[in-house]
Amino acid sequence: MTEPVRLALPADRDALAALRCGQEVLVTGTLFTARDATHALLAREVQDRGALPFGLAGQALFYAGPTAPSPGRPAGSVGPTTASRMDAWTPDLLAAGVRVMLGKGPRSEEVRAAIVEHGAVYLVAVGGAAALLGAHVVSADVVGYGELGPEALMRLEVRDLPAFVGIDAEGGDLFSSEHARWRLG
């Protein structure tokens, strides 16, 4: 068994290009939470202003909505949500500069192509492990859209958050390759 790759965020293009589909990673650094409502607002900002707000260019989006902080912790549970729900907005956000996404489940062919075009990566976390993932959050602050409550744009600082490379910068797709390997469906 190989050791997990340590991925520091924000990551430069070389670090992202070195990742391969299926690799285990331990993420340390900044993740910005963004679910459906936040994606719609971010896409509107990109359309209206031609750029990502809140310094999100070059950053990572985590498809999650943290629960209220547990006693003595900056956040409660932080579980990934289904990434395909963000697919309609993702190509535009990647073109505007988002470099890493973290969620769960497969992505559309359009998103996979946009990941390759922009040298980005899609990381996946195990669903149902929200309490475990929340234990890796070292700080959490709302940076935008606070009126959305748990769907607000939050800056999370994480340490050694476990994930896997779902789609790498060359288009290797864990969901396609494993589907074929195990002849699922």
# chains A, B, ... in the order shown; residues from 1 in each chain; ligands from 1
$ residues_around --residues "Ala135 in chain A" --least-positions-apart "2" --cutoff "8 Å" --atoms "only C-alpha atoms" --output "number ranges by chain"
A: 73, 76-77, 131-133, 137-138
$ select_by_dssp --residues "chain A" --states "strand (DSSP E or B)" --output "JSON, numbers by chain"
{"A": [5, 6, 7, 8, 9, 24, 25, 26, 27, 28, 29, 30, 31, 32, 33, 60, 61, 62, 64, 80, 82, 100, 101, 102, 103, 104, 121, 122, 123, 124, 137, 138, 139, 140, 141, 142, 143, 144, 153, 154, 155, 156, 157, 158, 159, 160, 161, 162, 163, 164, 165, 166, 167, 173]}
$ write_last_selection --atoms "N, CA and C atoms" --output "short mmCIF file (atom, residue, chain, number, x, y, z; two decimals), in the first residue's frame"
data_model
loop_
_atom_site.label_atom_id
_atom_site.label_comp_id
_atom_site.auth_asym_id
_atom_site.auth_seq_id
_atom_site.Cartn_x
_atom_site.Cartn_y
_atom_site.Cartn_z
N VAL A 5 -0.63 10.99 -0.61
CA VAL A 5 0.04 12.19 -1.07
C VAL A 5 -0.42 13.34 -0.19
N ARG A 6 0.50 14.16 0.25
CA ARG A 6 0.14 15.34 1.04
C ARG A 6 -0.07 16.50 0.06
N LEU A 7 -1.28 17.04 0.06
CA LEU A 7 -1.64 18.13 -0.84
C LEU A 7 -1.88 19.40 -0.04
N ALA A 8 -1.03 20.39 -0.26
CA ALA A 8 -1.17 21.69 0.40
C ALA A 8 -1.98 22.61 -0.50
N LEU A 9 -3.01 23.22 0.09
CA LEU A 9 -3.86 24.16 -0.64
C LEU A 9 -3.65 25.57 -0.14
N GLU A 24 -4.75 8.36 -2.95
CA GLU A 24 -5.23 8.87 -1.68
C GLU A 24 -4.45 10.14 -1.37
N VAL A 25 -5.15 11.17 -0.92
CA VAL A 25 -4.50 12.43 -0.56
C VAL A 25 -4.92 12.85 0.84
N LEU A 26 -4.05 13.58 1.49
CA LEU A 26 -4.34 14.23 2.76
C LEU A 26 -4.24 15.72 2.50
N VAL A 27 -5.36 16.41 2.59
CA VAL A 27 -5.46 17.82 2.23
C VAL A 27 -5.22 18.69 3.45
N THR A 28 -4.31 19.65 3.30
CA THR A 28 -4.06 20.63 4.35
C THR A 28 -4.07 22.01 3.70
N GLY A 29 -4.78 22.93 4.34
CA GLY A 29 -4.84 24.30 3.81
C GLY A 29 -6.26 24.80 3.76
N THR A 30 -6.53 25.64 2.77
CA THR A 30 -7.81 26.34 2.68
C THR A 30 -8.76 25.68 1.70
N LEU A 31 -9.97 25.42 2.18
CA LEU A 31 -11.09 24.98 1.36
C LEU A 31 -12.22 25.98 1.57
N PHE A 32 -12.94 26.31 0.50
CA PHE A 32 -14.11 27.16 0.60
C PHE A 32 -15.35 26.31 0.37
N THR A 33 -16.27 26.29 1.33
CA THR A 33 -17.49 25.50 1.15
C THR A 33 -18.40 26.20 0.16
N ALA A 60 -9.81 26.21 -3.81
CA ALA A 60 -10.52 24.94 -3.80
C ALA A 60 -11.91 25.10 -3.23
N LEU A 61 -12.90 24.50 -3.89
CA LEU A 61 -14.28 24.51 -3.41
C LEU A 61 -14.62 23.13 -2.86
N PHE A 62 -15.19 23.11 -1.68
CA PHE A 62 -15.62 21.89 -1.00
C PHE A 62 -17.13 21.90 -1.00
N ALA A 64 -19.88 21.23 0.52
CA ALA A 64 -20.29 20.86 1.87
C ALA A 64 -20.97 22.04 2.54
N PRO A 80 -19.28 15.74 2.48
CA PRO A 80 -19.38 16.13 1.08
C PRO A 80 -20.80 15.90 0.57
N THR A 82 -23.33 15.66 -3.04
CA THR A 82 -23.24 15.11 -4.39
C THR A 82 -22.76 16.17 -5.37
N VAL A 100 -9.46 23.38 -7.66
CA VAL A 100 -9.73 22.10 -6.99
C VAL A 100 -11.17 22.09 -6.53
N MET A 101 -11.80 20.93 -6.67
CA MET A 101 -13.14 20.72 -6.14
C MET A 101 -13.11 19.46 -5.30
N LEU A 102 -13.90 19.43 -4.24
CA LEU A 102 -13.99 18.27 -3.36
C LEU A 102 -15.45 17.98 -3.09
N GLY A 103 -15.88 16.78 -3.40
CA GLY A 103 -17.27 16.38 -3.19
C GLY A 103 -17.38 14.89 -3.13
N LYS A 104 -18.54 14.38 -3.57
CA LYS A 104 -18.70 12.93 -3.67
C LYS A 104 -19.46 12.62 -4.94
N VAL A 121 -8.36 19.63 -10.66
CA VAL A 121 -8.61 18.27 -10.17
C VAL A 121 -9.91 18.25 -9.38
N TYR A 122 -10.50 17.07 -9.36
CA TYR A 122 -11.69 16.82 -8.55
C TYR A 122 -11.32 15.75 -7.54
N LEU A 123 -11.45 16.10 -6.27
CA LEU A 123 -11.19 15.17 -5.19
C LEU A 123 -12.51 14.66 -4.65
N VAL A 124 -12.50 13.43 -4.15
CA VAL A 124 -13.70 12.85 -3.56
C VAL A 124 -13.43 12.45 -2.12
N VAL A 137 -11.08 19.96 10.59
CA VAL A 137 -11.23 21.41 10.42
C VAL A 137 -10.57 22.11 11.61
N VAL A 138 -9.64 23.02 11.32
CA VAL A 138 -8.96 23.75 12.40
C VAL A 138 -9.49 25.17 12.57
N SER A 139 -10.16 25.70 11.53
CA SER A 139 -10.85 26.99 11.67
C SER A 139 -11.93 27.08 10.60
N ALA A 140 -12.95 27.89 10.89
CA ALA A 140 -14.08 28.07 9.97
C ALA A 140 -14.63 29.47 10.11
N ASP A 141 -14.74 30.18 8.99
CA ASP A 141 -15.25 31.55 8.99
C ASP A 141 -16.12 31.78 7.77
N VAL A 142 -17.27 32.42 7.95
CA VAL A 142 -18.12 32.81 6.83
C VAL A 142 -17.44 33.97 6.11
N VAL A 143 -17.31 33.87 4.78
CA VAL A 143 -16.70 34.95 4.00
C VAL A 143 -17.68 35.58 3.02
N GLY A 144 -18.82 34.93 2.79
CA GLY A 144 -19.80 35.50 1.88
C GLY A 144 -21.13 34.78 1.93
N LEU A 153 -20.83 30.73 1.90
CA LEU A 153 -19.44 30.52 1.49
C LEU A 153 -18.59 30.65 2.75
N MET A 154 -17.96 29.54 3.14
CA MET A 154 -17.12 29.54 4.34
C MET A 154 -15.69 29.18 3.98
N ARG A 155 -14.76 29.80 4.67
CA ARG A 155 -13.35 29.44 4.54
C ARG A 155 -13.03 28.46 5.67
N LEU A 156 -12.66 27.25 5.28
CA LEU A 156 -12.22 26.24 6.25
C LEU A 156 -10.73 26.07 6.12
N GLU A 157 -10.05 26.04 7.23
CA GLU A 157 -8.66 25.61 7.25
C GLU A 157 -8.69 24.18 7.76
N VAL A 158 -8.11 23.27 6.97
CA VAL A 158 -8.14 21.85 7.32
C VAL A 158 -6.72 21.32 7.45
N ARG A 159 -6.60 20.23 8.21
CA ARG A 159 -5.31 19.56 8.36
C ARG A 159 -5.52 18.07 8.13
N ASP A 160 -4.82 17.53 7.12
CA ASP A 160 -4.82 16.10 6.81
C ASP A 160 -6.23 15.54 6.58
N LEU A 161 -7.06 16.29 5.88
CA LEU A 161 -8.40 15.82 5.53
C LEU A 161 -8.26 14.73 4.47
N PRO A 162 -8.79 13.52 4.72
CA PRO A 162 -8.60 12.42 3.77
C PRO A 162 -9.53 12.50 2.57
N ALA A 163 -8.97 12.24 1.39
CA ALA A 163 -9.75 12.25 0.15
C ALA A 163 -9.02 11.37 -0.88
N PHE A 164 -9.64 11.24 -2.03
CA PHE A 164 -9.05 10.52 -3.16
C PHE A 164 -9.14 11.41 -4.39
N VAL A 165 -8.25 11.19 -5.36
CA VAL A 165 -8.33 11.91 -6.62
C VAL A 165 -9.40 11.23 -7.46
N GLY A 166 -10.50 11.95 -7.70
CA GLY A 166 -11.61 11.42 -8.49
C GLY A 166 -11.39 11.62 -9.97
N ILE A 167 -10.96 12.82 -10.35
CA ILE A 167 -10.61 13.13 -11.75
C ILE A 167 -9.32 13.93 -11.70
N ASP A 173 -10.46 9.29 -14.71
CA ASP A 173 -11.71 9.39 -13.96
C ASP A 173 -11.91 8.12 -13.14
#
$ closest_residue --among "A:Gly72, A:Gly97, A:Pro66, A:Gly79" --to "Ala51 in chain A" --atoms "only C-alpha atoms"
A:Gly97
$ residues_around --residues "Gly50 in chain A" --least-positions-apart "2" --cutoff "12 Å" --atoms "only C-alpha atoms" --output "PyMOL selection string"
chain A and resi 42-48+52-53+57+92-93+95-97
$ write_last_selection --atoms "N, CA and C atoms" --output "PDB file, in the first residue's frame"
ATOM      1  N   LEU A  42     -22.116  32.580  -7.193  1.00  0.00           N
ATOM      2  CA  LEU A  42     -20.757  32.733  -7.734  1.00  0.00           C
ATOM      3  C   LEU A  42     -20.787  32.831  -9.257  1.00  0.00           C
ATOM      4  N   ALA A  43     -21.582  31.978  -9.899  1.00  0.00           N
ATOM      5  CA  ALA A  43     -21.683  32.009 -11.359  1.00  0.00           C
ATOM      6  C   ALA A  43     -22.244  33.338 -11.844  1.00  0.00           C
ATOM      7  N   ARG A  44     -23.212  33.874 -11.108  1.00  0.00           N
ATOM      8  CA  ARG A  44     -23.774  35.176 -11.480  1.00  0.00           C
ATOM      9  C   ARG A  44     -22.711  36.265 -11.355  1.00  0.00           C
ATOM     10  N   GLU A  45     -21.905  36.207 -10.294  1.00  0.00           N
ATOM     11  CA  GLU A  45     -20.815  37.186 -10.115  1.00  0.00           C
ATOM     12  C   GLU A  45     -19.815  37.094 -11.258  1.00  0.00           C
ATOM     13  N   VAL A  46     -19.457  35.879 -11.651  1.00  0.00           N
ATOM     14  CA  VAL A  46     -18.520  35.703 -12.763  1.00  0.00           C
ATOM     15  C   VAL A  46     -19.125  36.270 -14.036  1.00  0.00           C
ATOM     16  N   GLN A  47     -20.394  35.996 -14.276  1.00  0.00           N
ATOM     17  CA  GLN A  47     -21.063  36.503 -15.475  1.00  0.00           C
ATOM     18  C   GLN A  47     -21.135  38.032 -15.458  1.00  0.00           C
ATOM     19  N   ASP A  48     -21.488  38.616 -14.323  1.00  0.00           N
ATOM     20  CA  ASP A  48     -21.656  40.065 -14.225  1.00  0.00           C
ATOM     21  C   ASP A  48     -20.329  40.821 -14.192  1.00  0.00           C
ATOM     22  N   LEU A  52     -14.091  35.816 -10.366  1.00  0.00           N
ATOM     23  CA  LEU A  52     -14.579  35.225  -9.125  1.00  0.00           C
ATOM     24  C   LEU A  52     -14.462  36.224  -7.978  1.00  0.00           C
ATOM     25  N   PRO A  53     -15.462  36.293  -7.108  1.00  0.00           N
ATOM     26  CA  PRO A  53     -15.362  37.156  -5.928  1.00  0.00           C
ATOM     27  C   PRO A  53     -14.593  36.462  -4.797  1.00  0.00           C
ATOM     28  N   ALA A  57     -10.085  32.776  -7.075  1.00  0.00           N
ATOM     29  CA  ALA A  57      -9.234  32.313  -8.179  1.00  0.00           C
ATOM     30  C   ALA A  57      -8.046  31.556  -7.593  1.00  0.00           C
ATOM     31  N   ASP A  92     -17.859  27.030 -15.914  1.00  0.00           N
ATOM     32  CA  ASP A  92     -17.641  28.481 -15.843  1.00  0.00           C
ATOM     33  C   ASP A  92     -16.752  28.857 -14.654  1.00  0.00           C
ATOM     34  N   LEU A  93     -16.943  28.187 -13.520  1.00  0.00           N
ATOM     35  CA  LEU A  93     -16.114  28.494 -12.350  1.00  0.00           C
ATOM     36  C   LEU A  93     -14.674  28.038 -12.557  1.00  0.00           C
ATOM     37  N   ALA A  95     -13.205  27.935 -15.527  1.00  0.00           N
ATOM     38  CA  ALA A  95     -12.659  28.919 -16.470  1.00  0.00           C
ATOM     39  C   ALA A  95     -12.280  30.212 -15.752  1.00  0.00           C
ATOM     40  N   ALA A  96     -13.009  30.543 -14.685  1.00  0.00           N
ATOM     41  CA  ALA A  96     -12.724  31.768 -13.920  1.00  0.00           C
ATOM     42  C   ALA A  96     -11.574  31.585 -12.927  1.00  0.00           C
ATOM     43  N   GLY A  97     -11.129  30.339 -12.704  1.00  0.00           N
ATOM     44  CA  GLY A  97      -9.944  30.157 -11.879  1.00  0.00           C
ATOM     45  C   GLY A  97     -10.014  29.176 -10.733  1.00  0.00           C
TER      46      GLY A  97
END
$ closest_residue --among "A:Arg13, A:Arg99, A:His118, A:His39" --to "Met86 in chain A" --atoms "only C-alpha atoms"
A:His39
$ select_by_dssp --residues "chain A" --states "alpha helix (DSSP H)" --output "NGL selection string"
:A and (13-17 or 36-49 or 90-96 or 109-118 or 130-134 or 174-182)
$ closest_residue --among "A:Val116, A:Val98, A:Ala130, A:Ala40" --to "Thr81 in chain A" --atoms "only C-alpha atoms"
A:Ala130
$ atom_distance --atom1 "CA of Val126 in chain A" --atom2 "CA of Ala83 in chain A"
12.2 Å
$ closest_residue --among "A:Leu56, A:Leu16, A:Cys21, A:Ala120" --to "Ala34 in chain A" --atoms "only C-alpha atoms"
A:Leu56
$ closest_residue --among "A:Glu147, A:Glu170, A:Asp36, A:Asp12" --to "Ala113 in chain A" --atoms "only C-alpha atoms"
A:Glu170
$ atom_distance --atom1 "CA of Thr90 in chain A" --atom2 "CA of Ala169 in chain A"
14.8 Å
$ closest_residue --among "A:Leu94, A:Ala129, A:Leu174, A:Ala75" --to "Pro106 in chain A" --atoms "only C-alpha atoms"
A:Leu174
$ atom_distance --atom1 "CA of Ala68 in chain A" --atom2 "CA of Ala152 in chain A"
12.4 Å
